[in-house]
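Engineer: query28.txt is reproduced in full below (compact mmCIF, C-alpha atoms and all ligand atoms).
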# COMPACT_ATOMS: atom_id res chain seq x y z
CA MET A 1394 15.03 -19.15 2.62
CA THR A 1395 15.81 -17.04 -0.42
CA ASN A 1396 16.53 -18.31 -3.92
CA ASP A 1397 19.17 -17.17 -6.36
CA VAL A 1398 17.59 -14.50 -8.49
CA ASN A 1399 19.18 -12.86 -11.49
CA TRP A 1400 18.46 -9.28 -10.47
CA GLN A 1401 20.07 -7.86 -13.59
CA ASN A 1402 17.65 -9.83 -15.80
CA LEU A 1403 14.70 -8.51 -13.79
CA ARG A 1404 16.08 -4.98 -13.93
CA ASN A 1405 16.25 -5.21 -17.72
CA GLN A 1406 12.45 -5.37 -17.78
CA PHE A 1407 12.24 -1.75 -16.54
CA PRO A 1408 13.40 0.56 -19.36
CA THR A 1409 13.11 3.68 -17.17
CA LEU A 1410 16.28 2.52 -15.40
CA ASP A 1411 18.30 2.93 -18.60
CA LYS A 1412 17.71 6.66 -18.37
CA ILE A 1413 17.32 7.63 -14.73
CA ASN A 1414 18.37 6.58 -11.25
CA TYR A 1415 14.90 5.92 -9.87
CA LEU A 1416 14.70 5.69 -6.06
CA ASN A 1417 11.06 6.56 -5.48
CA THR A 1418 9.04 3.33 -5.51
CA CYS A 1419 7.11 4.28 -2.38
CA SER A 1420 5.46 6.98 -4.51
CA LEU A 1421 5.15 5.02 -7.75
CA GLY A 1422 6.50 1.64 -8.88
CA LEU A 1423 8.07 1.53 -12.34
CA LEU A 1424 6.35 0.24 -15.47
CA SER A 1425 7.73 -3.14 -16.59
CA ASN A 1426 7.76 -4.29 -20.21
CA GLN A 1427 5.15 -6.88 -19.20
CA SER A 1428 2.76 -4.29 -17.75
CA LYS A 1429 3.26 -2.08 -20.79
CA ASP A 1430 2.43 -4.99 -23.13
CA ALA A 1431 -0.66 -5.75 -21.04
CA LEU A 1432 -1.80 -2.16 -21.37
CA LEU A 1433 -1.38 -2.42 -25.15
CA THR A 1434 -3.37 -5.67 -25.13
CA TYR A 1435 -6.18 -3.83 -23.35
CA ILE A 1436 -6.13 -1.15 -26.05
CA ASP A 1437 -6.24 -3.88 -28.66
CA THR A 1438 -9.29 -5.59 -27.14
CA TRP A 1439 -11.06 -2.24 -26.90
CA THR A 1440 -10.18 -1.37 -30.51
CA THR A 1441 -11.13 -4.69 -32.04
CA GLN A 1442 -14.16 -5.68 -29.97
CA GLY A 1443 -15.70 -2.65 -28.33
CA ALA A 1444 -18.24 -3.63 -25.66
CA SER A 1445 -18.14 -7.34 -26.45
CA ALA A 1446 -14.70 -7.36 -24.81
CA TRP A 1447 -16.55 -7.24 -21.47
CA TYR A 1448 -17.78 -10.79 -22.01
CA SER A 1449 -14.85 -12.24 -23.94
CA ASP A 1450 -12.01 -10.78 -21.83
CA TRP A 1451 -12.56 -8.00 -19.35
CA LEU A 1452 -14.82 -9.55 -16.69
CA GLU A 1453 -12.61 -12.61 -16.61
CA LYS A 1454 -9.53 -10.37 -16.25
CA THR A 1455 -10.93 -8.91 -13.04
CA ASN A 1456 -11.22 -12.48 -11.70
CA SER A 1457 -7.68 -13.39 -12.63
CA LEU A 1458 -6.47 -10.16 -11.02
CA LYS A 1459 -8.19 -11.11 -7.77
CA ALA A 1460 -6.69 -14.61 -7.95
CA GLU A 1461 -3.18 -13.19 -8.43
CA PHE A 1462 -3.51 -10.90 -5.42
CA ALA A 1463 -5.03 -13.71 -3.35
CA LYS A 1464 -1.99 -15.87 -4.18
CA LEU A 1465 0.35 -13.15 -2.92
CA ILE A 1466 -1.26 -12.92 0.51
CA ASN A 1467 -2.49 -16.54 0.87
CA ALA A 1468 -6.20 -15.79 0.58
CA SER A 1469 -8.87 -17.02 -1.82
CA ALA A 1470 -10.05 -14.94 -4.79
CA ASP A 1471 -13.55 -14.71 -3.27
CA GLU A 1472 -12.08 -12.79 -0.37
CA ILE A 1473 -10.74 -10.00 -2.61
CA ALA A 1474 -12.60 -6.88 -3.75
CA ILE A 1475 -11.23 -4.50 -6.37
CA MET A 1476 -11.63 -0.87 -5.39
CA PRO A 1477 -10.46 2.42 -6.94
CA SER A 1478 -8.67 3.72 -3.81
CA VAL A 1479 -8.01 3.11 -0.13
CA SER A 1480 -10.29 6.07 0.58
CA GLN A 1481 -13.15 4.26 -1.16
CA ALA A 1482 -12.33 1.01 0.64
CA ILE A 1483 -12.43 2.62 4.08
CA ALA A 1484 -15.64 4.48 3.15
CA VAL A 1485 -17.33 1.19 2.27
CA ILE A 1486 -16.10 -0.55 5.43
CA SER A 1487 -17.08 2.45 7.54
CA SER A 1488 -20.58 2.24 6.06
CA CYS A 1489 -20.87 -1.30 7.44
CA ILE A 1490 -20.36 -0.11 11.02
CA ASP A 1491 -23.04 1.56 13.14
CA LEU A 1492 -21.42 4.17 15.33
CA GLY A 1493 -23.31 5.62 18.30
CA THR A 1494 -22.05 8.77 20.04
CA ASP A 1495 -19.98 6.78 22.53
CA ASP A 1496 -18.49 4.35 20.03
CA GLU A 1497 -14.87 4.78 19.04
CA VAL A 1498 -12.48 4.15 16.18
CA VAL A 1499 -8.75 4.01 16.95
CA THR A 1500 -6.02 4.93 14.48
CA SER A 1501 -2.72 6.82 14.74
CA GLU A 1502 -1.05 10.01 13.67
CA LEU A 1503 1.30 8.07 11.39
CA ASP A 1504 -1.39 6.18 9.52
CA PHE A 1505 -2.41 7.54 6.14
CA PRO A 1506 -4.80 10.42 6.96
CA THR A 1507 -7.56 9.27 4.63
CA ILE A 1508 -8.61 6.77 7.33
CA ALA A 1509 -8.97 9.39 10.06
CA HIS A 1510 -10.70 11.74 7.60
CA ASN A 1511 -13.49 9.25 6.97
CA PHE A 1512 -14.24 8.82 10.66
CA LYS A 1513 -13.77 12.55 11.40
CA ALA A 1514 -16.54 13.19 8.86
CA ARG A 1515 -18.76 10.73 10.70
CA GLU A 1516 -17.87 12.33 14.03
CA LEU A 1517 -19.20 15.62 12.63
CA LYS A 1518 -22.55 13.88 12.17
CA GLY A 1519 -22.52 12.63 15.76
CA GLN A 1520 -21.49 9.13 14.69
CA GLY A 1521 -18.72 7.94 17.00
CA LYS A 1522 -15.36 9.45 17.91
CA VAL A 1523 -11.92 8.96 16.42
CA LYS A 1524 -8.97 8.45 18.71
CA ILE A 1525 -5.76 9.36 16.89
CA VAL A 1526 -2.83 7.98 18.86
CA LYS A 1527 0.06 10.43 18.89
CA SER A 1528 3.63 9.71 17.88
CA GLU A 1529 6.28 11.60 19.87
CA SER A 1530 9.00 10.91 17.30
CA MET A 1531 6.85 11.00 14.14
CA GLU A 1532 8.80 7.84 13.28
CA TYR A 1533 6.79 5.15 15.05
CA VAL A 1534 3.86 4.84 17.44
CA ASP A 1535 4.47 3.29 20.83
CA THR A 1536 2.59 -0.03 20.72
CA ASP A 1537 1.58 0.03 24.40
CA LYS A 1538 0.25 3.55 23.99
CA PHE A 1539 -1.77 2.45 20.95
CA ILE A 1540 -3.14 -0.58 22.76
CA SER A 1541 -4.12 1.48 25.81
CA GLN A 1542 -6.59 3.42 23.64
CA ILE A 1543 -8.53 0.30 22.65
CA SER A 1544 -11.49 -0.60 24.88
CA GLU A 1545 -14.94 -2.20 24.75
CA LYS A 1546 -16.12 1.06 23.14
CA THR A 1547 -13.85 0.46 20.14
CA LYS A 1548 -15.62 -0.72 17.01
CA LEU A 1549 -12.72 -0.54 14.57
CA VAL A 1550 -8.94 -0.33 14.84
CA ALA A 1551 -7.12 0.82 11.71
CA THR A 1552 -3.37 0.99 11.28
CA SER A 1553 -0.55 0.33 8.80
CA ARG A 1554 2.13 -2.34 8.63
CA VAL A 1555 4.69 0.15 7.29
CA TYR A 1556 4.39 3.85 8.15
CA PHE A 1557 4.51 5.90 4.96
CA LEU A 1558 6.28 8.77 6.77
CA SER A 1559 9.20 6.78 8.15
CA GLY A 1560 9.38 3.24 6.77
CA TYR A 1561 9.12 1.78 10.31
CA ILE A 1562 7.48 -1.63 10.49
CA ASN A 1563 4.62 -1.47 12.96
CA ASP A 1564 4.15 -4.24 15.53
CA TYR A 1565 0.54 -4.56 14.35
CA GLU A 1566 0.08 -8.15 15.58
CA LYS A 1567 -0.09 -7.01 19.21
CA ILE A 1568 -2.61 -4.34 18.24
CA LEU A 1569 -4.69 -6.89 16.34
CA LYS A 1570 -4.83 -9.17 19.40
CA VAL A 1571 -6.12 -6.39 21.63
CA ALA A 1572 -8.65 -5.30 18.98
CA ARG A 1573 -9.88 -8.90 18.80
CA SER A 1574 -10.21 -9.29 22.57
CA ASN A 1575 -12.36 -6.14 22.56
CA LYS A 1576 -14.49 -7.43 19.65
CA ALA A 1577 -13.34 -4.58 17.41
CA LEU A 1578 -12.72 -5.04 13.68
CA PHE A 1579 -9.09 -4.82 12.62
CA PHE A 1580 -8.28 -2.96 9.36
CA LEU A 1581 -4.68 -3.14 8.09
CA ASP A 1582 -3.50 -0.53 5.58
CA ASP A 1583 -0.80 -2.53 3.83
CA TYR A 1584 -0.23 -0.16 0.91
CA GLN A 1585 3.42 0.49 1.82
CA ALA A 1586 4.17 -3.12 2.70
CA THR A 1587 2.61 -5.70 0.33
CA GLY A 1588 5.14 -6.56 -2.35
CA GLN A 1589 8.18 -5.51 -0.32
CA LEU A 1590 7.47 -7.54 2.86
CA PRO A 1591 5.92 -11.02 2.92
CA ILE A 1592 2.47 -11.49 4.45
CA ASN A 1593 0.17 -14.43 5.09
CA VAL A 1594 -3.26 -13.10 6.09
CA LYS A 1595 -4.45 -16.50 7.31
CA ASP A 1596 -1.48 -17.02 9.63
CA LYS A 1597 -2.00 -13.56 11.08
CA ASP A 1598 -5.79 -13.90 11.12
CA ILE A 1599 -6.31 -10.41 9.71
CA ASP A 1600 -9.91 -9.20 9.34
CA ILE A 1601 -9.57 -6.64 6.57
CA MET A 1602 -6.52 -5.57 4.61
CA VAL A 1603 -6.02 -3.07 1.79
CA SER A 1604 -3.16 -2.62 -0.60
CA GLY A 1605 -2.75 -1.05 -4.01
CA GLY A 1606 -1.02 -1.37 -7.36
CA LEU A 1607 0.58 2.04 -7.42
CA LYS A 1608 3.77 1.40 -5.46
CA TRP A 1609 5.33 -1.94 -4.49
CA LEU A 1610 2.93 -3.98 -6.64
CA LEU A 1611 4.11 -2.40 -9.90
CA GLY A 1612 0.64 -1.98 -11.36
CA GLY A 1613 0.14 1.75 -11.80
CA SER A 1614 -2.80 3.79 -10.59
CA GLY A 1615 -6.48 2.95 -10.36
CA ILE A 1616 -6.55 -0.38 -8.53
CA VAL A 1617 -6.66 -1.10 -4.83
CA TYR A 1618 -7.21 -4.60 -3.43
CA MET A 1619 -9.27 -5.19 -0.33
CA TYR A 1620 -9.10 -8.54 1.45
CA VAL A 1621 -11.99 -9.37 3.81
CA LYS A 1622 -11.76 -12.68 5.63
CA LYS A 1623 -14.35 -15.23 4.56
CA GLU A 1624 -16.01 -15.55 7.99
CA LEU A 1625 -16.61 -11.79 8.10
CA ILE A 1626 -18.02 -11.14 4.62
CA ASN A 1627 -21.64 -12.01 5.38
CA GLN A 1628 -21.58 -10.09 8.67
CA LEU A 1629 -20.82 -6.78 6.96
CA GLU A 1630 -23.59 -4.90 5.13
CA PRO A 1631 -22.42 -1.75 3.39
CA SER A 1632 -24.62 1.29 2.85
CA VAL A 1633 -22.04 2.75 0.47
CA THR A 1634 -22.78 0.25 -2.28
CA GLY A 1635 -23.81 -0.30 -5.91
CA TRP A 1636 -24.71 -2.83 -8.55
CA PHE A 1637 -21.37 -4.65 -8.41
CA SER A 1638 -22.20 -5.60 -4.80
CA HIS A 1639 -25.41 -7.35 -5.83
CA LYS A 1640 -25.54 -11.14 -5.88
CA ARG A 1641 -27.32 -11.05 -9.26
CA GLN A 1642 -25.97 -7.86 -10.72
CA PHE A 1643 -26.98 -8.68 -14.31
CA GLU A 1644 -30.69 -8.95 -13.42
CA PHE A 1645 -30.68 -5.16 -13.02
CA ASP A 1646 -33.39 -5.32 -10.37
CA PRO A 1647 -33.75 -1.97 -8.54
CA HIS A 1648 -36.24 -3.39 -6.00
CA THR A 1649 -33.88 -5.61 -4.05
CA ILE A 1650 -30.42 -5.36 -2.64
CA GLU A 1651 -29.11 -8.81 -2.00
CA PHE A 1652 -25.40 -8.70 -1.31
CA SER A 1653 -22.93 -11.04 -2.92
CA ASP A 1654 -21.55 -13.76 -0.63
CA THR A 1655 -18.04 -12.93 -1.82
CA ALA A 1656 -15.96 -9.80 -1.22
CA ALA A 1657 -17.59 -8.42 -4.38
CA ARG A 1658 -20.26 -7.12 -1.97
CA PHE A 1659 -17.82 -4.31 -1.13
CA GLU A 1660 -17.30 -3.27 -4.74
CA THR A 1661 -19.58 -0.48 -5.86
CA GLY A 1662 -19.41 0.12 -9.62
CA THR A 1663 -17.44 -0.61 -12.78
CA PRO A 1664 -13.69 -1.03 -12.17
CA SER A 1665 -11.11 0.69 -14.34
CA ILE A 1666 -10.32 -2.09 -16.82
CA SER A 1667 -7.40 -0.17 -18.32
CA ALA A 1668 -5.82 -0.35 -14.84
CA VAL A 1669 -6.63 -4.04 -14.35
CA TYR A 1670 -4.36 -5.16 -17.20
CA PRO A 1671 -1.01 -3.69 -16.01
CA ALA A 1672 -1.97 -4.38 -12.37
CA GLU A 1673 -2.20 -8.11 -13.06
CA GLN A 1674 1.25 -8.17 -14.66
CA GLY A 1675 2.67 -6.20 -11.74
CA LEU A 1676 1.37 -8.83 -9.31
CA LYS A 1677 2.69 -11.65 -11.50
CA PHE A 1678 6.12 -10.03 -11.47
CA ILE A 1679 6.09 -9.87 -7.68
CA ASN A 1680 4.72 -13.42 -7.26
CA ASP A 1681 7.27 -14.85 -9.72
CA THR A 1682 10.18 -13.07 -8.05
CA GLY A 1683 9.02 -14.03 -4.54
CA VAL A 1684 8.52 -11.49 -1.77
CA GLU A 1685 11.08 -13.21 0.50
CA ASN A 1686 13.68 -12.66 -2.22
CA ILE A 1687 12.57 -9.09 -2.73
CA ARG A 1688 12.84 -8.33 0.99
CA HIS A 1689 16.33 -9.81 1.08
CA ARG A 1690 17.37 -7.61 -1.84
CA THR A 1691 15.80 -4.35 -0.65
CA LEU A 1692 17.16 -4.83 2.88
CA HIS A 1693 20.63 -5.15 1.37
CA LEU A 1694 20.22 -1.97 -0.74
CA THR A 1695 18.60 -0.03 2.11
CA SER A 1696 21.33 -1.06 4.56
CA LEU A 1697 23.96 0.10 2.07
CA LEU A 1698 22.20 3.45 1.72
CA ILE A 1699 21.72 3.94 5.47
CA ASN A 1700 25.22 2.88 6.52
CA SER A 1701 26.83 5.11 3.89
CA LEU A 1702 24.73 8.12 4.90
CA ILE A 1703 25.34 7.62 8.62
CA GLU A 1704 29.07 7.42 7.98
CA LEU A 1705 28.87 10.80 6.23
CA GLY A 1706 27.07 12.39 9.19
CA PHE A 1707 23.49 12.60 7.86
CA SER A 1708 20.61 12.43 10.36
CA LEU A 1709 18.19 9.64 9.51
CA LYS A 1710 14.88 8.51 10.93
CA VAL A 1711 15.58 4.80 11.14
CA PRO A 1712 15.24 2.14 13.84
CA GLU A 1713 18.41 0.68 15.37
CA ASP A 1714 17.54 -2.75 14.06
CA LEU A 1715 17.06 -2.53 10.30
CA ASN A 1716 14.90 -5.66 10.40
CA ASN A 1717 12.22 -3.27 11.66
CA HIS A 1718 12.70 -1.00 8.68
CA ALA A 1719 11.17 -1.20 5.21
CA SER A 1720 12.60 0.33 2.06
CA ILE A 1721 11.60 3.92 2.83
CA THR A 1722 14.39 6.04 4.29
CA MET A 1723 13.92 9.60 5.52
CA ILE A 1724 16.89 11.99 5.66
CA GLU A 1725 16.38 15.08 7.82
CA CYS A 1726 16.80 18.19 5.70
CA SER A 1727 16.19 21.95 6.06
CA ASN A 1728 15.08 22.38 2.42
CA PRO A 1729 13.77 19.08 0.98
CA PRO A 1730 12.25 20.48 -2.27
CA PHE A 1731 15.61 22.06 -3.17
CA VAL A 1732 17.47 18.79 -2.58
CA VAL A 1733 14.89 16.80 -4.58
CA GLU A 1734 15.39 19.25 -7.47
CA GLU A 1735 19.20 19.06 -7.26
CA LEU A 1736 19.06 15.26 -7.29
CA LYS A 1737 16.76 15.43 -10.28
CA LYS A 1738 19.33 17.54 -12.14
CA ALA A 1739 21.79 14.70 -11.48
CA GLY A 1740 19.32 12.17 -12.92
CA ILE A 1741 18.13 10.84 -9.54
CA ILE A 1742 14.42 10.72 -8.71
CA VAL A 1743 13.46 10.81 -5.03
CA ASP A 1744 10.69 12.56 -3.11
CA SER A 1745 10.22 14.73 -0.06
CA ARG A 1746 7.92 15.00 2.92
CA PRO A 1747 7.93 17.92 5.40
CA GLY A 1748 11.44 18.16 6.90
CA CYS A 1749 12.79 15.12 5.04
CA VAL A 1750 14.07 13.77 1.76
CA ARG A 1751 12.57 10.33 1.13
CA ILE A 1752 14.49 7.58 -0.67
CA SER A 1753 12.92 4.25 -1.52
CA PRO A 1754 14.87 1.71 -3.60
CA PHE A 1755 13.29 -1.51 -4.83
CA PHE A 1756 14.67 -4.83 -6.07
CA TYR A 1757 15.31 -3.40 -9.56
CA ASN A 1758 17.84 -0.88 -8.25
CA ASN A 1759 21.49 -1.73 -7.78
CA GLU A 1760 24.46 -0.83 -5.60
CA SER A 1761 25.92 1.71 -8.03
CA GLU A 1762 22.65 3.66 -8.05
CA ILE A 1763 22.76 3.83 -4.25
CA ASP A 1764 26.40 5.02 -4.37
CA HIS A 1765 25.52 7.62 -7.01
CA CYS A 1766 22.73 9.03 -4.83
CA VAL A 1767 24.94 9.04 -1.71
CA ASN A 1768 27.71 10.88 -3.61
CA VAL A 1769 25.39 13.61 -4.88
CA LEU A 1770 23.91 14.05 -1.39
CA SER A 1771 27.40 14.22 0.08
CA ASN A 1772 28.44 16.93 -2.41
CA LEU A 1773 25.31 18.94 -1.55
CA LYS A 1774 26.09 18.62 2.15
CA ASN A 1775 29.67 19.76 1.59
CA SER A 1776 28.53 22.76 -0.45
CA ASP A 1777 25.96 23.90 2.13
CA SER A 1778 26.22 22.48 5.65
CA SER A 1779 22.86 24.04 6.66
CA LEU A 1780 20.98 21.66 4.34
CA PHE A 1781 21.51 18.51 6.45
C1 LIG B 1801 -0.20 3.93 3.54
C2 LIG B 1801 -1.04 4.55 2.46
N1 LIG B 1801 -2.38 4.37 2.47
C3 LIG B 1801 -3.16 4.90 1.51
C4 LIG B 1801 -2.62 5.64 0.48
C5 LIG B 1801 -3.46 6.21 -0.63
O1 LIG B 1801 -4.82 6.20 -0.45
P1 LIG B 1801 -5.79 6.39 -1.72
O2 LIG B 1801 -5.77 5.12 -2.51
O3 LIG B 1801 -7.10 6.67 -1.13
O4 LIG B 1801 -5.27 7.55 -2.50
C6 LIG B 1801 -1.25 5.84 0.43
C7 LIG B 1801 -0.69 6.60 -0.70
O5 LIG B 1801 0.09 7.33 -0.86
C8 LIG B 1801 -0.43 5.29 1.44
O6 LIG B 1801 0.89 5.48 1.44
Just give me the structure of the file as structure tokens.
Structural biologist:
Amino acid sequence: MTNDVNWQNLRNQFPTLDKINYLNTCSLGLLSNQSKDALLTYIDTWTTQGASAWYSDWLEKTNSLKAEFAKLINASADEIAIMPSVSQAIAVISSCIDLGTDDEVVTSELDFPTIAHNFKARELKGQGKVKIVKSESMEYVDTDKFISQISEKTKLVATSRVYFLSGYINDYEKILKVARSNKALFFLDDYQATGQLPINVKDKDIDIMVSGGLKWLLGGSGIVYMYVKKELINQLEPSVTGWFSHKRQFEFDPHTIEFSDTAARFETGTPSISAVYPAEQGLKFINDTGVENIRHRTLHLTSLLINSLIELGFSLKVPEDLNNHASITMIECSNPPFVVEELKKAGIIVDSRPGCVRISPFFYNNESEIDHCVNVLSNLKNSDSSLF
């Protein structure tokens, strides 16, 4: 069920849209007035209080940030760790897992490479092997093929809900089930999904999930959220760690390492407080709008974009059923950087990946922005048929 939302009112909170046609949320979500005000509040607390702001405001802010993310995914705040990046999150989780020479980690060619990199580095030290499941199409990974690589040797399975290179929605639930039956941990990279597609981590019984503020959570850079399910927290002991992981961090005792019973045990050091402020407002915006509503809206805009482009003869990497597609659309192109530059000259911001122009509208965009982008692309195609 979706509610009536006044999309124009929400759009008015993003002043960037007064100046440019912004269709690149999968790279960076826009700054809302609320996140900007929060950033200014942070500056104010720093200016007026200096270090005492830690105790009056900042530590508490990290807790309210965790609570806001927990609300979005139906978890509890104690199950959320704040990290600086997905790379750091996977490094900490990796450090919890002993890998002998025969042990394996399974991921895919379409998952964000930082995951494979971590385990490749361990492989170089004789610690386990990484199986990277291939994608024939570079659009999606065949689920049965993925599953066939999981065995009793597998210690961790890591994949994404939405592939950053194509916008395909991965059938991760089947993969999770097979990981579970082989007693492997399941790590979901949800960076390109949380905020644009609903998720309930308890319903899906996910072990570990990461997502970040940069894109669909409208929070800017510097904050990644890692959910670790309650039952797992005490079973995982990181060796990549620090004083924020300690149960009694403010005793400053170098002789013991006693991990926190909450997901804080996966945090290492001081979080970026300047990033916490806008990140919290970004999450509030998403929670207040409702992810079901957002999905409804972005599916409408994405369908408009895709149907218009197909009608004009563009080649797209999209599934037949758009219910399996998120708001990231790839248009095949012989010279993507040129097209991105030409669109920029027309006031339209998109991005490119090898062989493709990437367009990713969000709820704050509207139909006329989609039409504008389609028209400029169509003119480029008419002026040089070798481009598309
Ligand atoms: C699916 C996915 N995972 C991870 C990342 C980024 O990882 P990190 O926070 O380590 O830079 C991105 C960013 O572009 C992404 O799209």
Engineer: Between CA of Ala1656 in chain A and CA of Phe1678 in chain A, what is the distance in Å, rounded to a tenth?
Structural biologist: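 Computed distance, CA of Ala1656 in chain A to CA of Phe1678 in chain A, equals 24.3 Å.
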Engineer: Would you work out the distance separating CA of Tyr1620 in chain A from CA of Ser1501 in chain A, expressed in Å to one decimal?
Structural biologist: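 Computing the Euclidean distance for CA of Tyr1620 in chain A and CA of Ser1501 in chain A yields 21.3 Å.
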Engineer: Kindly provide, as a PyMOL selection string, all nucleotide and amino acid residues lying within 10 Å of ligand LIG 1801 (chain B), counting all atoms listed in the file.
Structural biologist: chain A and resi 1419-1421+1476-1484+1503-1508+1552-1558+1581-1586+1603-1608+1614-1618
Engineer: Measure the distance from CA of Thr1438 in chain A to CA of Asp1450 in chain A in Å and round it to one decimal.
Structural biologist: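 It comes out at 7.9 Å.
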Engineer: Select, from A:Asn1680, A:Asn1575, A:Thr1409, A:Gln1674, the residue with the minimum atom-to-atom distance to Gln1427 in chain A, counting all atoms listed in the file.
Structural biologist: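 The closest residue to Gln1427 in chain A is A:Gln1674.
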Engineer: Around range 1436-1450 of chain A, fit a box with edges along x, y and z, padding it by 4 Å on each side, then list its centre and edge lengths in Å to one decimal as AutoDock Vina command-line options.
Structural biologist:
--center_x -12.2 --center_y -6.7 --center_z -26.8 --size_x 20.1 --size_y 19.1 --size_z 18.6
